[in-house]
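K.L.:
My questions will all concern the structure given below.
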Amino acid sequence: MRHILVVDDDQHIRDVICFTLEKAGYKVSVARDGGEALVHFRANQLDLIVLDVGLPEMDGLEVCRQIRKDSEVPILFLSARSDEIDRVLGLEIGGDDYVTKPFSPRELSARVSVILKRMNPSPVVDDETSVLTMGDLTLDPAHRSVRFNLEAVSLTASEFNILQIFLRRPRVAFTREQIMVSAYPANIHVSDRTIDSHIRNVRWKLNSVGCANAIETVHGVGFRLGSCQSVAQ
């Protein structure tokens, strides 16, 4: 049974989310603030965290930053604010998805299901589990791992899926719409800014381990896989 932590200071919202997720077959724990959330995170093996941005004392963004120091557990943000800059910021610091209040419990449950499926994909045919490489960059779909020059690169589920898209078709320039459809199944829509944020994160994470020019911008089209050359070269 998948274990989900729900973090929100509003008891009514916690109750609605817990009822929805438990009905969908998940084990659910709750936290009322950022401090409790971190205690639960360190004490339990969690599969996903539903995290309110507007928490008292320590807000959800700071909780996410603390968690990302040690873990890539999926995080679904909740927020009463719908500003795009807030959504982009949440994704840039390591969130996997973002839902604005008021929300549909069914939509939230669907988004949770999609994130968990991305983290633990169903068995597929052999050619889809084959290790993908470009230079010294290696992506293993079966183990959901990425390495450059044998050094592990920690990516979120969405970032992993996007990099995998490029490696499967290294000569193709993808539009943002094509990337969105491939990285976000089940008709979940995200904005162009969200895709740009994921691309920026992938570039930064790969560059931090010495992989330059991982993803190129194709002006007027979108993005394609770069040469993935070593920074030292």
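Chain labels A, B, ... are given in the sequence in which chains occur in the structure tokens; within each chain residues are numbered consecutively from 1, and ligands are likewise numbered from 1 in the order shown.
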For the strand (DSSP E or B) assignment from backbone DSSP, which residues of segment 34-228 of chain A qualify? Please present them as a PDB file with all heavy atoms, in the first residue's frame.
P.N.:
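Printed below is states-v7.pdb as written:
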ATOM      1  N   LEU A  48       4.764   9.605  -1.470  1.00  0.00           N
ATOM      2  CA  LEU A  48       4.386  10.901  -2.034  1.00  0.00           C
ATOM      3  C   LEU A  48       3.976  11.824  -0.892  1.00  0.00           C
ATOM      4  O   LEU A  48       3.485  11.367   0.149  1.00  0.00           O
ATOM      5  CB  LEU A  48       3.237  10.742  -3.031  1.00  0.00           C
ATOM      6  CG  LEU A  48       2.782  11.983  -3.799  1.00  0.00           C
ATOM      7  CD1 LEU A  48       2.460  11.638  -5.259  1.00  0.00           C
ATOM      8  CD2 LEU A  48       1.539  12.609  -3.153  1.00  0.00           C
ATOM      9  N   ILE A  49       4.172  13.136  -1.089  1.00  0.00           N
ATOM     10  CA  ILE A  49       3.758  14.133  -0.104  1.00  0.00           C
ATOM     11  C   ILE A  49       2.855  15.150  -0.779  1.00  0.00           C
ATOM     12  O   ILE A  49       3.215  15.719  -1.818  1.00  0.00           O
ATOM     13  CB  ILE A  49       4.972  14.859   0.512  1.00  0.00           C
ATOM     14  CG1 ILE A  49       5.890  13.850   1.213  1.00  0.00           C
ATOM     15  CG2 ILE A  49       4.519  15.942   1.494  1.00  0.00           C
ATOM     16  CD1 ILE A  49       7.186  14.464   1.715  1.00  0.00           C
ATOM     17  N   VAL A  50       1.656  15.352  -0.212  1.00  0.00           N
ATOM     18  CA  VAL A  50       0.767  16.434  -0.635  1.00  0.00           C
ATOM     19  C   VAL A  50       1.039  17.583   0.324  1.00  0.00           C
ATOM     20  O   VAL A  50       0.776  17.478   1.519  1.00  0.00           O
ATOM     21  CB  VAL A  50      -0.708  16.007  -0.579  1.00  0.00           C
ATOM     22  CG1 VAL A  50      -1.619  17.171  -0.982  1.00  0.00           C
ATOM     23  CG2 VAL A  50      -0.962  14.806  -1.484  1.00  0.00           C
ATOM     24  N   LEU A  51       1.573  18.682  -0.187  1.00  0.00           N
ATOM     25  CA  LEU A  51       2.156  19.713   0.661  1.00  0.00           C
ATOM     26  C   LEU A  51       1.553  21.092   0.378  1.00  0.00           C
ATOM     27  O   LEU A  51       1.703  21.625  -0.729  1.00  0.00           O
ATOM     28  CB  LEU A  51       3.678  19.746   0.421  1.00  0.00           C
ATOM     29  CG  LEU A  51       4.513  20.757   1.185  1.00  0.00           C
ATOM     30  CD1 LEU A  51       4.377  20.558   2.693  1.00  0.00           C
ATOM     31  CD2 LEU A  51       5.977  20.645   0.753  1.00  0.00           C
ATOM     32  N   ASP A  52       0.904  21.661   1.386  1.00  0.00           N
ATOM     33  CA  ASP A  52       0.354  23.006   1.267  1.00  0.00           C
ATOM     34  C   ASP A  52       1.489  24.027   1.280  1.00  0.00           C
ATOM     35  O   ASP A  52       2.409  23.932   2.095  1.00  0.00           O
ATOM     36  CB  ASP A  52      -0.615  23.269   2.422  1.00  0.00           C
ATOM     37  CG  ASP A  52      -1.258  24.642   2.342  1.00  0.00           C
ATOM     38  OD1 ASP A  52      -1.443  25.137   1.216  1.00  0.00           O
ATOM     39  OD2 ASP A  52      -1.572  25.218   3.402  1.00  0.00           O
ATOM     40  N   ILE A  75       6.517  15.315  -4.661  1.00  0.00           N
ATOM     41  CA  ILE A  75       5.803  16.327  -3.878  1.00  0.00           C
ATOM     42  C   ILE A  75       4.768  16.998  -4.768  1.00  0.00           C
ATOM     43  O   ILE A  75       5.094  17.526  -5.829  1.00  0.00           O
ATOM     44  CB  ILE A  75       6.777  17.374  -3.319  1.00  0.00           C
ATOM     45  CG1 ILE A  75       7.719  16.730  -2.298  1.00  0.00           C
ATOM     46  CG2 ILE A  75       6.015  18.535  -2.675  1.00  0.00           C
ATOM     47  CD1 ILE A  75       8.778  17.668  -1.750  1.00  0.00           C
ATOM     48  N   LEU A  76       3.519  16.960  -4.320  1.00  0.00           N
ATOM     49  CA  LEU A  76       2.419  17.645  -4.991  1.00  0.00           C
ATOM     50  C   LEU A  76       2.044  18.849  -4.145  1.00  0.00           C
ATOM     51  O   LEU A  76       1.568  18.708  -3.022  1.00  0.00           O
ATOM     52  CB  LEU A  76       1.218  16.703  -5.137  1.00  0.00           C
ATOM     53  CG  LEU A  76      -0.100  17.310  -5.606  1.00  0.00           C
ATOM     54  CD1 LEU A  76       0.041  17.914  -7.002  1.00  0.00           C
ATOM     55  CD2 LEU A  76      -1.207  16.275  -5.604  1.00  0.00           C
ATOM     56  N   PHE A  77       2.270  20.052  -4.674  1.00  0.00           N
ATOM     57  CA  PHE A  77       1.977  21.271  -3.931  1.00  0.00           C
ATOM     58  C   PHE A  77       0.492  21.626  -4.000  1.00  0.00           C
ATOM     59  O   PHE A  77      -0.157  21.444  -5.038  1.00  0.00           O
ATOM     60  CB  PHE A  77       2.774  22.454  -4.495  1.00  0.00           C
ATOM     61  CG  PHE A  77       4.191  22.531  -4.021  1.00  0.00           C
ATOM     62  CD1 PHE A  77       5.241  22.414  -4.905  1.00  0.00           C
ATOM     63  CD2 PHE A  77       4.475  22.729  -2.679  1.00  0.00           C
ATOM     64  CE1 PHE A  77       6.562  22.504  -4.482  1.00  0.00           C
ATOM     65  CE2 PHE A  77       5.791  22.806  -2.229  1.00  0.00           C
ATOM     66  CZ  PHE A  77       6.828  22.701  -3.137  1.00  0.00           C
ATOM     67  N   LEU A  78      -0.026  22.164  -2.894  1.00  0.00           N
ATOM     68  CA  LEU A  78      -1.351  22.780  -2.840  1.00  0.00           C
ATOM     69  C   LEU A  78      -1.156  24.246  -2.496  1.00  0.00           C
ATOM     70  O   LEU A  78      -0.316  24.588  -1.659  1.00  0.00           O
ATOM     71  CB  LEU A  78      -2.223  22.144  -1.750  1.00  0.00           C
ATOM     72  CG  LEU A  78      -2.592  20.670  -1.871  1.00  0.00           C
ATOM     73  CD1 LEU A  78      -3.403  20.258  -0.643  1.00  0.00           C
ATOM     74  CD2 LEU A  78      -3.403  20.423  -3.130  1.00  0.00           C
ATOM     75  N   SER A  79      -1.936  25.123  -3.129  1.00  0.00           N
ATOM     76  CA  SER A  79      -1.809  26.538  -2.810  1.00  0.00           C
ATOM     77  C   SER A  79      -3.105  27.273  -3.079  1.00  0.00           C
ATOM     78  O   SER A  79      -3.828  26.962  -4.032  1.00  0.00           O
ATOM     79  CB  SER A  79      -0.688  27.176  -3.627  1.00  0.00           C
ATOM     80  OG  SER A  79      -0.600  28.563  -3.351  1.00  0.00           O
ATOM     81  N   ASP A  97       4.219  18.504  -9.073  1.00  0.00           N
ATOM     82  CA  ASP A  97       2.957  19.004  -9.616  1.00  0.00           C
ATOM     83  C   ASP A  97       2.422  20.065  -8.662  1.00  0.00           C
ATOM     84  O   ASP A  97       2.915  20.221  -7.539  1.00  0.00           O
ATOM     85  CB  ASP A  97       1.949  17.868  -9.793  1.00  0.00           C
ATOM     86  CG  ASP A  97       0.904  18.170 -10.867  1.00  0.00           C
ATOM     87  OD1 ASP A  97       0.840  19.339 -11.312  1.00  0.00           O
ATOM     88  OD2 ASP A  97       0.167  17.249 -11.249  1.00  0.00           O
ATOM     89  N   TYR A  98       1.386  20.778  -9.109  1.00  0.00           N
ATOM     90  CA  TYR A  98       0.898  21.935  -8.370  1.00  0.00           C
ATOM     91  C   TYR A  98      -0.608  22.035  -8.579  1.00  0.00           C
ATOM     92  O   TYR A  98      -1.069  22.095  -9.722  1.00  0.00           O
ATOM     93  CB  TYR A  98       1.598  23.188  -8.906  1.00  0.00           C
ATOM     94  CG  TYR A  98       1.459  24.443  -8.072  1.00  0.00           C
ATOM     95  CD1 TYR A  98       2.519  24.914  -7.309  1.00  0.00           C
ATOM     96  CD2 TYR A  98       0.280  25.175  -8.079  1.00  0.00           C
ATOM     97  CE1 TYR A  98       2.425  26.073  -6.572  1.00  0.00           C
ATOM     98  CE2 TYR A  98       0.159  26.343  -7.336  1.00  0.00           C
ATOM     99  CZ  TYR A  98       1.239  26.794  -6.596  1.00  0.00           C
ATOM    100  OH  TYR A  98       1.129  27.949  -5.862  1.00  0.00           O
ATOM    101  N   VAL A  99      -1.379  22.031  -7.510  1.00  0.00           N
ATOM    102  CA  VAL A  99      -2.838  22.126  -7.581  1.00  0.00           C
ATOM    103  C   VAL A  99      -3.291  23.359  -6.806  1.00  0.00           C
ATOM    104  O   VAL A  99      -2.843  23.593  -5.686  1.00  0.00           O
ATOM    105  CB  VAL A  99      -3.511  20.864  -6.997  1.00  0.00           C
ATOM    106  CG1 VAL A  99      -5.024  21.041  -6.934  1.00  0.00           C
ATOM    107  CG2 VAL A  99      -3.163  19.640  -7.835  1.00  0.00           C
ATOM    108  N   THR A 100      -4.165  24.140  -7.427  1.00  0.00           N
ATOM    109  CA  THR A 100      -4.637  25.375  -6.813  1.00  0.00           C
ATOM    110  C   THR A 100      -5.951  25.146  -6.076  1.00  0.00           C
ATOM    111  O   THR A 100      -6.851  24.470  -6.583  1.00  0.00           O
ATOM    112  CB  THR A 100      -4.839  26.457  -7.890  1.00  0.00           C
ATOM    113  OG1 THR A 100      -3.618  26.651  -8.601  1.00  0.00           O
ATOM    114  CG2 THR A 100      -5.261  27.773  -7.266  1.00  0.00           C
ATOM    115  N   LEU A 132      19.654   3.909 -22.350  1.00  0.00           N
ATOM    116  CA  LEU A 132      19.843   4.933 -23.373  1.00  0.00           C
ATOM    117  C   LEU A 132      21.110   5.720 -23.070  1.00  0.00           C
ATOM    118  O   LEU A 132      21.376   6.052 -21.917  1.00  0.00           O
ATOM    119  CB  LEU A 132      18.643   5.877 -23.402  1.00  0.00           C
ATOM    120  CG  LEU A 132      17.271   5.217 -23.582  1.00  0.00           C
ATOM    121  CD1 LEU A 132      16.163   6.236 -23.388  1.00  0.00           C
ATOM    122  CD2 LEU A 132      17.163   4.566 -24.958  1.00  0.00           C
ATOM    123  N   THR A 133      21.898   6.021 -24.099  1.00  0.00           N
ATOM    124  CA  THR A 133      23.151   6.743 -23.883  1.00  0.00           C
ATOM    125  C   THR A 133      23.339   7.836 -24.922  1.00  0.00           C
ATOM    126  O   THR A 133      22.845   7.750 -26.048  1.00  0.00           O
ATOM    127  CB  THR A 133      24.369   5.798 -23.947  1.00  0.00           C
ATOM    128  OG1 THR A 133      24.442   5.207 -25.247  1.00  0.00           O
ATOM    129  CG2 THR A 133      24.271   4.712 -22.896  1.00  0.00           C
ATOM    130  N   MET A 134      24.070   8.864 -24.532  1.00  0.00           N
ATOM    131  CA  MET A 134      24.561   9.905 -25.432  1.00  0.00           C
ATOM    132  C   MET A 134      25.887  10.365 -24.857  1.00  0.00           C
ATOM    133  O   MET A 134      25.916  10.998 -23.788  1.00  0.00           O
ATOM    134  CB  MET A 134      23.590  11.070 -25.536  1.00  0.00           C
ATOM    135  CG  MET A 134      24.157  12.291 -26.276  1.00  0.00           C
ATOM    136  SD  MET A 134      24.679  11.948 -27.989  1.00  0.00           S
ATOM    137  CE  MET A 134      23.089  11.856 -28.799  1.00  0.00           C
ATOM    138  N   LEU A 137      26.569  10.238 -21.016  1.00  0.00           N
ATOM    139  CA  LEU A 137      25.289  10.314 -20.314  1.00  0.00           C
ATOM    140  C   LEU A 137      24.530   9.015 -20.502  1.00  0.00           C
ATOM    141  O   LEU A 137      24.362   8.528 -21.625  1.00  0.00           O
ATOM    142  CB  LEU A 137      24.461  11.484 -20.851  1.00  0.00           C
ATOM    143  CG  LEU A 137      23.061  11.668 -20.251  1.00  0.00           C
ATOM    144  CD1 LEU A 137      23.147  12.001 -18.765  1.00  0.00           C
ATOM    145  CD2 LEU A 137      22.302  12.758 -21.004  1.00  0.00           C
ATOM    146  N   THR A 138      24.073   8.426 -19.404  1.00  0.00           N
ATOM    147  CA  THR A 138      23.360   7.141 -19.440  1.00  0.00           C
ATOM    148  C   THR A 138      22.054   7.252 -18.669  1.00  0.00           C
ATOM    149  O   THR A 138      22.027   7.759 -17.550  1.00  0.00           O
ATOM    150  CB  THR A 138      24.215   6.024 -18.814  1.00  0.00           C
ATOM    151  OG1 THR A 138      25.440   5.919 -19.530  1.00  0.00           O
ATOM    152  CG2 THR A 138      23.475   4.691 -18.872  1.00  0.00           C
ATOM    153  N   LEU A 139      20.977   6.766 -19.270  1.00  0.00           N
ATOM    154  CA  LEU A 139      19.664   6.732 -18.611  1.00  0.00           C
ATOM    155  C   LEU A 139      19.144   5.308 -18.650  1.00  0.00           C
ATOM    156  O   LEU A 139      19.072   4.694 -19.720  1.00  0.00           O
ATOM    157  CB  LEU A 139      18.697   7.692 -19.304  1.00  0.00           C
ATOM    158  CG  LEU A 139      17.282   7.816 -18.698  1.00  0.00           C
ATOM    159  CD1 LEU A 139      16.744   9.252 -18.879  1.00  0.00           C
ATOM    160  CD2 LEU A 139      16.304   6.834 -19.355  1.00  0.00           C
ATOM    161  N   ASP A 140      18.802   4.779 -17.483  1.00  0.00           N
ATOM    162  CA  ASP A 140      18.306   3.405 -17.348  1.00  0.00           C
ATOM    163  C   ASP A 140      16.821   3.453 -16.994  1.00  0.00           C
ATOM    164  O   ASP A 140      16.464   3.704 -15.836  1.00  0.00           O
ATOM    165  CB  ASP A 140      19.091   2.679 -16.254  1.00  0.00           C
ATOM    166  CG  ASP A 140      18.712   1.212 -16.147  1.00  0.00           C
ATOM    167  OD1 ASP A 140      17.648   0.829 -16.654  1.00  0.00           O
ATOM    168  OD2 ASP A 140      19.481   0.447 -15.539  1.00  0.00           O
ATOM    169  N   SER A 145      17.210   5.527 -13.311  1.00  0.00           N
ATOM    170  CA  SER A 145      18.465   6.145 -12.879  1.00  0.00           C
ATOM    171  C   SER A 145      19.134   6.869 -14.040  1.00  0.00           C
ATOM    172  O   SER A 145      18.990   6.476 -15.203  1.00  0.00           O
ATOM    173  CB  SER A 145      19.414   5.096 -12.301  1.00  0.00           C
ATOM    174  OG  SER A 145      19.801   4.166 -13.298  1.00  0.00           O
ATOM    175  N   VAL A 146      19.871   7.923 -13.706  1.00  0.00           N
ATOM    176  CA  VAL A 146      20.618   8.698 -14.692  1.00  0.00           C
ATOM    177  C   VAL A 146      22.038   8.875 -14.164  1.00  0.00           C
ATOM    178  O   VAL A 146      22.242   9.187 -12.981  1.00  0.00           O
ATOM    179  CB  VAL A 146      19.983  10.082 -14.932  1.00  0.00           C
ATOM    180  CG1 VAL A 146      20.838  10.920 -15.870  1.00  0.00           C
ATOM    181  CG2 VAL A 146      18.574   9.928 -15.494  1.00  0.00           C
ATOM    182  N   ARG A 147      23.033   8.703 -15.055  1.00  0.00           N
ATOM    183  CA  ARG A 147      24.426   8.895 -14.659  1.00  0.00           C
ATOM    184  C   ARG A 147      25.178   9.634 -15.763  1.00  0.00           C
ATOM    185  O   ARG A 147      24.874   9.476 -16.950  1.00  0.00           O
ATOM    186  CB  ARG A 147      25.120   7.547 -14.394  1.00  0.00           C
ATOM    187  CG  ARG A 147      24.590   6.816 -13.163  1.00  0.00           C
ATOM    188  CD  ARG A 147      25.332   5.512 -12.907  1.00  0.00           C
ATOM    189  NE  ARG A 147      24.828   4.851 -11.723  1.00  0.00           N
ATOM    190  CZ  ARG A 147      25.221   5.122 -10.480  1.00  0.00           C
ATOM    191  NH1 ARG A 147      26.166   6.039 -10.281  1.00  0.00           N
ATOM    192  NH2 ARG A 147      24.704   4.490  -9.457  1.00  0.00           N
ATOM    193  N   PHE A 148      26.142  10.435 -15.344  1.00  0.00           N
ATOM    194  CA  PHE A 148      27.060  11.069 -16.298  1.00  0.00           C
ATOM    195  C   PHE A 148      28.473  10.809 -15.806  1.00  0.00           C
ATOM    196  O   PHE A 148      28.824  11.124 -14.670  1.00  0.00           O
ATOM    197  CB  PHE A 148      26.812  12.572 -16.395  1.00  0.00           C
ATOM    198  CG  PHE A 148      27.706  13.249 -17.400  1.00  0.00           C
ATOM    199  CD1 PHE A 148      27.467  13.089 -18.760  1.00  0.00           C
ATOM    200  CD2 PHE A 148      28.801  14.004 -16.997  1.00  0.00           C
ATOM    201  CE1 PHE A 148      28.304  13.680 -19.701  1.00  0.00           C
ATOM    202  CE2 PHE A 148      29.638  14.601 -17.930  1.00  0.00           C
ATOM    203  CZ  PHE A 148      29.379  14.439 -19.292  1.00  0.00           C
ATOM    204  N   GLU A 151      28.667   9.186 -12.531  1.00  0.00           N
ATOM    205  CA  GLU A 151      28.166   9.908 -11.360  1.00  0.00           C
ATOM    206  C   GLU A 151      26.644  10.007 -11.444  1.00  0.00           C
ATOM    207  O   GLU A 151      26.087  10.434 -12.460  1.00  0.00           O
ATOM    208  CB  GLU A 151      28.775  11.298 -11.269  1.00  0.00           C
ATOM    209  CG  GLU A 151      28.359  12.048 -10.004  1.00  0.00           C
ATOM    210  CD  GLU A 151      29.127  13.344  -9.802  1.00  0.00           C
ATOM    211  OE1 GLU A 151      30.086  13.594 -10.565  1.00  0.00           O
ATOM    212  OE2 GLU A 151      28.766  14.095  -8.884  1.00  0.00           O
ATOM    213  N   ALA A 152      25.961   9.629 -10.350  1.00  0.00           N
ATOM    214  CA  ALA A 152      24.495   9.631 -10.339  1.00  0.00           C
ATOM    215  C   ALA A 152      23.960  11.056 -10.400  1.00  0.00           C
ATOM    216  O   ALA A 152      24.496  11.977  -9.793  1.00  0.00           O
ATOM    217  CB  ALA A 152      23.987   8.931  -9.081  1.00  0.00           C
ATOM    218  N   PHE A 174      11.614  18.786 -30.272  1.00  0.00           N
ATOM    219  CA  PHE A 174      10.267  18.650 -29.737  1.00  0.00           C
ATOM    220  C   PHE A 174       9.678  20.012 -29.381  1.00  0.00           C
ATOM    221  O   PHE A 174      10.364  20.875 -28.824  1.00  0.00           O
ATOM    222  CB  PHE A 174      10.283  17.787 -28.465  1.00  0.00           C
ATOM    223  CG  PHE A 174      10.643  16.349 -28.706  1.00  0.00           C
ATOM    224  CD1 PHE A 174      11.954  15.916 -28.606  1.00  0.00           C
ATOM    225  CD2 PHE A 174       9.663  15.415 -29.023  1.00  0.00           C
ATOM    226  CE1 PHE A 174      12.296  14.595 -28.829  1.00  0.00           C
ATOM    227  CE2 PHE A 174       9.988  14.087 -29.239  1.00  0.00           C
ATOM    228  CZ  PHE A 174      11.306  13.676 -29.138  1.00  0.00           C
ATOM    229  N   THR A 175       8.400  20.187 -29.667  1.00  0.00           N
ATOM    230  CA  THR A 175       7.698  21.377 -29.198  1.00  0.00           C
ATOM    231  C   THR A 175       7.359  21.197 -27.728  1.00  0.00           C
ATOM    232  O   THR A 175       7.383  20.077 -27.197  1.00  0.00           O
ATOM    233  CB  THR A 175       6.401  21.603 -29.984  1.00  0.00           C
ATOM    234  OG1 THR A 175       5.484  20.517 -29.705  1.00  0.00           O
ATOM    235  CG2 THR A 175       6.671  21.666 -31.484  1.00  0.00           C
ATOM    236  N   CYS A 211      28.194  17.796 -17.252  1.00  0.00           N
ATOM    237  CA  CYS A 211      27.586  17.534 -18.557  1.00  0.00           C
ATOM    238  C   CYS A 211      27.059  18.838 -19.146  1.00  0.00           C
ATOM    239  O   CYS A 211      25.993  19.325 -18.741  1.00  0.00           O
ATOM    240  CB  CYS A 211      26.463  16.519 -18.432  1.00  0.00           C
ATOM    241  SG  CYS A 211      25.642  16.141 -19.998  1.00  0.00           S
ATOM    242  N   ALA A 212      27.789  19.389 -20.110  1.00  0.00           N
ATOM    243  CA  ALA A 212      27.379  20.651 -20.738  1.00  0.00           C
ATOM    244  C   ALA A 212      26.548  20.371 -21.988  1.00  0.00           C
ATOM    245  O   ALA A 212      26.625  19.294 -22.586  1.00  0.00           O
ATOM    246  CB  ALA A 212      28.609  21.471 -21.106  1.00  0.00           C
ATOM    247  N   ILE A 215      20.655  19.880 -23.270  1.00  0.00           N
ATOM    248  CA  ILE A 215      19.437  20.142 -24.032  1.00  0.00           C
ATOM    249  C   ILE A 215      19.586  21.483 -24.740  1.00  0.00           C
ATOM    250  O   ILE A 215      19.865  22.500 -24.110  1.00  0.00           O
ATOM    251  CB  ILE A 215      18.194  20.165 -23.121  1.00  0.00           C
ATOM    252  CG1 ILE A 215      18.024  18.801 -22.428  1.00  0.00           C
ATOM    253  CG2 ILE A 215      16.942  20.503 -23.923  1.00  0.00           C
ATOM    254  CD1 ILE A 215      16.885  18.770 -21.427  1.00  0.00           C
ATOM    255  N   GLU A 216      19.399  21.480 -26.047  1.00  0.00           N
ATOM    256  CA  GLU A 216      19.528  22.690 -26.845  1.00  0.00           C
ATOM    257  C   GLU A 216      18.163  23.336 -27.086  1.00  0.00           C
ATOM    258  O   GLU A 216      17.148  22.630 -27.225  1.00  0.00           O
ATOM    259  CB  GLU A 216      20.162  22.376 -28.203  1.00  0.00           C
ATOM    260  CG  GLU A 216      21.569  21.807 -28.129  1.00  0.00           C
ATOM    261  CD  GLU A 216      22.108  21.441 -29.503  1.00  0.00           C
ATOM    262  OE1 GLU A 216      21.282  21.306 -30.437  1.00  0.00           O
ATOM    263  OE2 GLU A 216      23.330  21.297 -29.632  1.00  0.00           O
ATOM    264  N   THR A 217      18.155  24.641 -27.149  1.00  0.00           N
ATOM    265  CA  THR A 217      16.946  25.369 -27.533  1.00  0.00           C
ATOM    266  C   THR A 217      16.921  25.520 -29.046  1.00  0.00           C
ATOM    267  O   THR A 217      17.906  25.968 -29.647  1.00  0.00           O
ATOM    268  CB  THR A 217      16.910  26.763 -26.885  1.00  0.00           C
ATOM    269  OG1 THR A 217      16.870  26.608 -25.459  1.00  0.00           O
ATOM    270  CG2 THR A 217      15.677  27.540 -27.322  1.00  0.00           C
ATOM    271  N   VAL A 218      15.820  25.123 -29.658  1.00  0.00           N
ATOM    272  CA  VAL A 218      15.629  25.296 -31.098  1.00  0.00           C
ATOM    273  C   VAL A 218      14.636  26.433 -31.270  1.00  0.00           C
ATOM    274  O   VAL A 218      13.436  26.261 -31.036  1.00  0.00           O
ATOM    275  CB  VAL A 218      15.104  24.007 -31.758  1.00  0.00           C
ATOM    276  CG1 VAL A 218      14.957  24.211 -33.266  1.00  0.00           C
ATOM    277  CG2 VAL A 218      16.032  22.835 -31.463  1.00  0.00           C
ATOM    278  N   GLY A 222      11.271  24.513 -30.156  1.00  0.00           N
ATOM    279  CA  GLY A 222      11.250  23.990 -28.781  1.00  0.00           C
ATOM    280  C   GLY A 222      12.630  23.568 -28.340  1.00  0.00           C
ATOM    281  O   GLY A 222      13.533  24.394 -28.270  1.00  0.00           O
ATOM    282  N   PHE A 223      12.823  22.256 -28.119  1.00  0.00           N
ATOM    283  CA  PHE A 223      14.089  21.761 -27.578  1.00  0.00           C
ATOM    284  C   PHE A 223      14.469  20.429 -28.228  1.00  0.00           C
ATOM    285  O   PHE A 223      13.613  19.690 -28.719  1.00  0.00           O
ATOM    286  CB  PHE A 223      13.975  21.553 -26.062  1.00  0.00           C
ATOM    287  CG  PHE A 223      13.508  22.761 -25.310  1.00  0.00           C
ATOM    288  CD1 PHE A 223      12.166  22.928 -25.004  1.00  0.00           C
ATOM    289  CD2 PHE A 223      14.404  23.747 -24.918  1.00  0.00           C
ATOM    290  CE1 PHE A 223      11.726  24.045 -24.306  1.00  0.00           C
ATOM    291  CE2 PHE A 223      13.985  24.863 -24.219  1.00  0.00           C
ATOM    292  CZ  PHE A 223      12.639  25.021 -23.915  1.00  0.00           C
ATOM    293  N   ARG A 224      15.768  20.122 -28.187  1.00  0.00           N
ATOM    294  CA  ARG A 224      16.252  18.818 -28.619  1.00  0.00           C
ATOM    295  C   ARG A 224      17.486  18.455 -27.796  1.00  0.00           C
ATOM    296  O   ARG A 224      18.082  19.313 -27.130  1.00  0.00           O
ATOM    297  CB  ARG A 224      16.599  18.811 -30.105  1.00  0.00           C
ATOM    298  CG  ARG A 224      17.829  19.623 -30.455  1.00  0.00           C
ATOM    299  CD  ARG A 224      18.086  19.635 -31.937  1.00  0.00           C
ATOM    300  NE  ARG A 224      19.138  20.572 -32.302  1.00  0.00           N
ATOM    301  CZ  ARG A 224      19.239  21.135 -33.490  1.00  0.00           C
ATOM    302  NH1 ARG A 224      18.370  20.848 -34.433  1.00  0.00           N
ATOM    303  NH2 ARG A 224      20.229  21.978 -33.728  1.00  0.00           N
ATOM    304  N   LEU A 225      17.876  17.187 -27.863  1.00  0.00           N
ATOM    305  CA  LEU A 225      19.040  16.719 -27.127  1.00  0.00           C
ATOM    306  C   LEU A 225      20.295  17.362 -27.698  1.00  0.00           C
ATOM    307  O   LEU A 225      20.477  17.459 -28.916  1.00  0.00           O
ATOM    308  CB  LEU A 225      19.143  15.201 -27.223  1.00  0.00           C
ATOM    309  CG  LEU A 225      20.206  14.547 -26.324  1.00  0.00           C
ATOM    310  CD1 LEU A 225      19.816  14.666 -24.861  1.00  0.00           C
ATOM    311  CD2 LEU A 225      20.361  13.070 -26.714  1.00  0.00           C
TER     312      LEU A 225
END
K.L.:
Using only C-alpha atoms, determine which residues lie at most 8 Å from Asn201 of chain A, disregarding the query and same-chain residues fewer than 3 positions distant; provide the list as a list in words.
P.N.:
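Close residues of Asn201 of chain A: Glu92, Glu159, Ser197, His198, Trp204 and Lys205 of chain A.
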K.L.:
Please write the residues from the selection above to a file, keeping N, CA, C and O atoms, as a compact mmCIF listing (two decimals), in the first residue's frame.
P.N.:
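Ended up saving to result22.txt:
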# COMPACT_ATOMS: atom_id res chain seq x y z
N GLU A 92 10.40 24.64 -9.70
CA GLU A 92 11.84 24.85 -9.81
C GLU A 92 12.61 24.33 -8.59
O GLU A 92 13.76 23.90 -8.71
N GLU A 159 11.24 15.37 -14.57
CA GLU A 159 12.52 15.65 -15.21
C GLU A 159 13.08 14.40 -15.87
O GLU A 159 13.61 14.45 -16.99
N SER A 197 10.61 25.36 -16.97
CA SER A 197 11.21 25.18 -15.65
C SER A 197 11.85 23.80 -15.52
O SER A 197 12.97 23.67 -15.00
N HIS A 198 11.17 22.77 -15.99
CA HIS A 198 11.73 21.42 -15.95
C HIS A 198 13.00 21.33 -16.80
O HIS A 198 14.00 20.72 -16.38
N TRP A 204 20.56 22.33 -15.41
CA TRP A 204 21.38 22.70 -14.25
C TRP A 204 21.93 21.47 -13.55
O TRP A 204 23.12 21.43 -13.18
N LYS A 205 21.09 20.46 -13.35
CA LYS A 205 21.54 19.26 -12.64
C LYS A 205 22.62 18.52 -13.43
O LYS A 205 23.59 18.01 -12.84
K.L.:
Residues of segment 144-202 of chain A classed as helix (DSSP H, G or I) by DSSP on the backbone are to be reported as an NGL selection string.
P.N.:
:A and (157-168 or 176-183 or 192-202)
K.L.:
Which is closest to Gly35 of chain A among A:Leu21, A:Ile67, A:Gln11, A:Ser154, if we use only C-alpha atoms?
P.N.:
A:Ile67
K.L.:
Would you work out the distance separating atom CA of Glu62 of chain A from atom CA of Leu5 of chain A, expressed in Å to one decimal?
P.N.:
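One can read the atom CA of Glu62 of chain A to atom CA of Leu5 of chain A distance as 16.3 Å.
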K.L.:
I'd like the interatomic distance between atom CA of Pro56 of chain A and atom CA of Asp10 of chain A, to a tenth of an Å.
P.N.:
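The value is 10.7 Å.
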K.L.:
Near Asp8 of chain A, counting only C-alpha atoms, which residues have an atom at most 8 Å away, once you skip same-chain residues fewer than 6 positions from it, shown as a list in words?
P.N.:
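The neighbour list is Arg14, Val30, Ala31, Arg32, Asp33, Leu51, Asp52 and Leu55 of chain A.
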